[in-house]
Amino acid sequence: MIYRRYSVPSIFEEMSNLQREMERMMQAFAPDRARMLSTFPAMNAWTDDEVEVITAEVPGVDPKDIDITVNNDVLTISGERKATEQAEEIRYHRRERVNGKFSRSIQLAFPVDAEKVTAACENGVLTVTLPRAEADKPRKISVKSV
Amino acid sequence: MATKTIEVKQEAPLAEEKTERIRDRRVYVPRADIYETKDDLVVVMDVPGADEKSMDIVLEKSVLTIRAFPKYERPEKLSLAYAEYGEGDFERSFALSEEIDREHIEATVKNGVLHLRLPKAGAAKPQKIAIKAG
């Protein structure tokens, strides 16, 4: 019997092609839905045992208008996205961006040390670094042989 | 005659969609506001993570294409636990119906938002026509 060594991955290739096709079709029919999110800002969370990093997309929000509060293991990001255009006699063709106040809370993986939380905002991406609370860190317990 | 037909096909924007990108990254369609004032056509677009160096705006014939290639700094040694947005490039094209004064286009990026001001060319500016009572 002859086994063909390289025939297996074709199904995965086919699937990723299909996914790409679907994405392209969705974007063609409803471009604004391609990145539609029910909540603003969108957040990503990165973590290990020591620290949690939250990144959020806040385009058009002045860093001065962002408020960050930490309560034990809940992070709240709130603020306001202000409309930029002040001119009169504006006729809109498209309005997909939403302005106004926002507030979101996210449950963290562990309680954090509120004193050591740092935040930076660059090009509309907010990065919040939250170190784990000392009291919550796992302790190694050595086993003594009797 | 045959050569002419081929030329037309190359210009059609549909032909472009069939090409694939070389960069192995997802492409997102950024959200945009488009509005018109008396003198300008203004495009405002959310491109979080992109700055003036990582953006590319092309106006070819009447097709305006905006591309952004934001840099994503992944926190070292950490693993992604929860994700709401994907990391990728932004790309969006618009077909402009009006004549644009190409010499005076202004683009600025601030806090991840692109402001593109396209001044209307003289002929496209609205002119008031006085109506006389007859």
# chains A, B, ... in the order shown; residues from 1 in each chain; ligands from 1
>>> interface_residues(of="chain A", to="chain B", cutoff="8 Å", atoms="only C-alpha atoms", output="PyMOL selection string")
chain A and resi 27+31-32+34-35+42-48+53+57-62+87-97+122-125
>>> write_last_selection(atoms="N, CA and C atoms", output="CSV table (one decimal), in the first residue's frame")
chain,number,residue,atom,x,y,z
A,27,GLN,N,-17.2,41.9,4.2
A,27,GLN,CA,-16.7,43.3,4.1
A,27,GLN,C,-17.3,44.0,2.9
A,31,PRO,N,-19.3,47.0,5.1
A,31,PRO,CA,-18.0,47.3,5.6
A,31,PRO,C,-18.0,47.7,7.1
A,32,ASP,N,-19.0,48.4,7.5
A,32,ASP,CA,-19.0,48.9,8.9
A,32,ASP,C,-19.2,47.8,9.9
A,34,ALA,N,-17.8,44.9,9.7
A,34,ALA,CA,-16.6,44.1,9.8
A,34,ALA,C,-15.9,44.2,11.1
A,35,ARG,N,-15.9,45.4,11.7
A,35,ARG,CA,-15.3,45.6,13.0
A,35,ARG,C,-16.3,46.0,14.0
A,42,ALA,N,-12.8,48.5,22.8
A,42,ALA,CA,-12.5,47.1,22.7
A,42,ALA,C,-11.2,46.8,23.5
A,43,MET,N,-11.2,45.7,24.3
A,43,MET,CA,-10.1,45.4,25.1
A,43,MET,C,-9.5,44.1,24.8
A,44,ASN,N,-8.1,44.0,25.0
A,44,ASN,CA,-7.5,42.7,25.0
A,44,ASN,C,-6.8,42.6,26.4
A,45,ALA,N,-6.7,41.3,26.9
A,45,ALA,CA,-6.0,41.1,28.2
A,45,ALA,C,-4.9,40.1,28.0
A,46,TRP,N,-3.7,40.5,28.5
A,46,TRP,CA,-2.5,39.6,28.5
A,46,TRP,C,-2.2,39.3,30.0
A,47,THR,N,-1.8,38.1,30.2
A,47,THR,CA,-1.5,37.8,31.6
A,47,THR,C,-0.5,36.7,31.8
A,48,ASP,N,0.1,36.7,33.0
A,48,ASP,CA,0.9,35.6,33.5
A,48,ASP,C,0.6,35.6,35.0
A,53,VAL,N,-1.8,42.8,31.7
A,53,VAL,CA,-1.7,43.9,30.9
A,53,VAL,C,-3.0,44.0,30.1
A,57,GLU,N,-8.5,49.9,22.6
A,57,GLU,CA,-8.5,50.8,21.4
A,57,GLU,C,-9.3,52.0,21.7
A,58,VAL,N,-8.7,53.1,21.9
A,58,VAL,CA,-9.5,54.4,22.2
A,58,VAL,C,-9.1,55.5,21.2
A,59,PRO,N,-9.4,55.2,19.9
A,59,PRO,CA,-9.0,56.2,18.9
A,59,PRO,C,-9.9,57.5,19.1
A,60,GLY,N,-9.2,58.6,19.0
A,60,GLY,CA,-10.0,59.9,19.1
A,60,GLY,C,-10.3,60.3,20.5
A,61,VAL,N,-9.8,59.6,21.5
A,61,VAL,CA,-10.0,60.0,22.9
A,61,VAL,C,-8.7,60.7,23.4
A,62,ASP,N,-8.9,61.9,23.9
A,62,ASP,CA,-7.7,62.6,24.5
A,62,ASP,C,-7.3,61.9,25.7
A,87,ALA,N,-17.3,73.1,12.6
A,87,ALA,CA,-17.8,73.9,11.5
A,87,ALA,C,-19.3,73.8,11.3
A,88,GLU,N,-19.8,74.8,10.8
A,88,GLU,CA,-21.3,74.8,10.5
A,88,GLU,C,-21.5,74.3,9.0
A,89,GLU,N,-22.8,74.1,8.7
A,89,GLU,CA,-23.2,73.7,7.4
A,89,GLU,C,-22.5,72.4,7.0
A,90,ILE,N,-22.6,71.4,7.9
A,90,ILE,CA,-22.0,70.1,7.6
A,90,ILE,C,-23.1,69.2,7.0
A,91,ARG,N,-22.7,68.5,6.0
A,91,ARG,CA,-23.6,67.5,5.4
A,91,ARG,C,-23.0,66.1,5.5
A,92,TYR,N,-23.5,65.2,6.3
A,92,TYR,CA,-22.9,63.9,6.5
A,92,TYR,C,-23.2,63.0,5.3
A,93,HIS,N,-22.2,62.3,4.9
A,93,HIS,CA,-22.5,61.2,3.9
A,93,HIS,C,-22.5,59.9,4.7
A,94,ARG,N,-21.6,59.8,5.6
A,94,ARG,CA,-21.5,58.5,6.4
A,94,ARG,C,-21.2,58.9,7.8
A,95,ARG,N,-21.8,58.2,8.7
A,95,ARG,CA,-21.5,58.4,10.2
A,95,ARG,C,-21.4,57.0,10.8
A,96,GLU,N,-20.2,56.5,11.0
A,96,GLU,CA,-20.0,55.2,11.6
A,96,GLU,C,-19.4,55.3,12.9
A,97,ARG,N,-18.7,56.4,13.2
A,97,ARG,CA,-18.0,56.6,14.4
A,97,ARG,C,-19.0,57.2,15.5
A,122,GLU,N,-0.9,55.7,23.6
A,122,GLU,CA,-0.1,56.1,22.4
A,122,GLU,C,-0.9,55.8,21.2
A,123,ASN,N,-1.0,56.8,20.3
A,123,ASN,CA,-1.7,56.7,19.0
A,123,ASN,C,-3.1,56.0,19.2
A,124,GLY,N,-3.8,56.4,20.2
A,124,GLY,CA,-5.2,55.8,20.4
A,124,GLY,C,-5.2,54.4,20.9
A,125,VAL,N,-4.1,53.9,21.5
A,125,VAL,CA,-4.1,52.6,22.1
A,125,VAL,C,-3.7,52.8,23.6
>>> select_by_dssp(residues="chain A", states="strand (DSSP E)", output="ChimeraX atom specification")
/A:42-47,51-57,66-71,74-81,91-95,100-107,118-122,125-131
>>> select_by_dssp(residues="chain B", states="alpha helix (DSSP H)", output="count of residues only")
15
>>> atom_distance(atom1="CA of Ala119 (chain A)", atom2="CA of Lys101 (chain A)")
19.7 Å
>>> atom_distance(atom1="CA of Asp101 (chain B)", atom2="CA of Asp39 (chain B)")
10.4 Å
>>> atom_distance(atom1="CA of Thr129 (chain A)", atom2="CA of Ile141 (chain A)")
28.4 Å
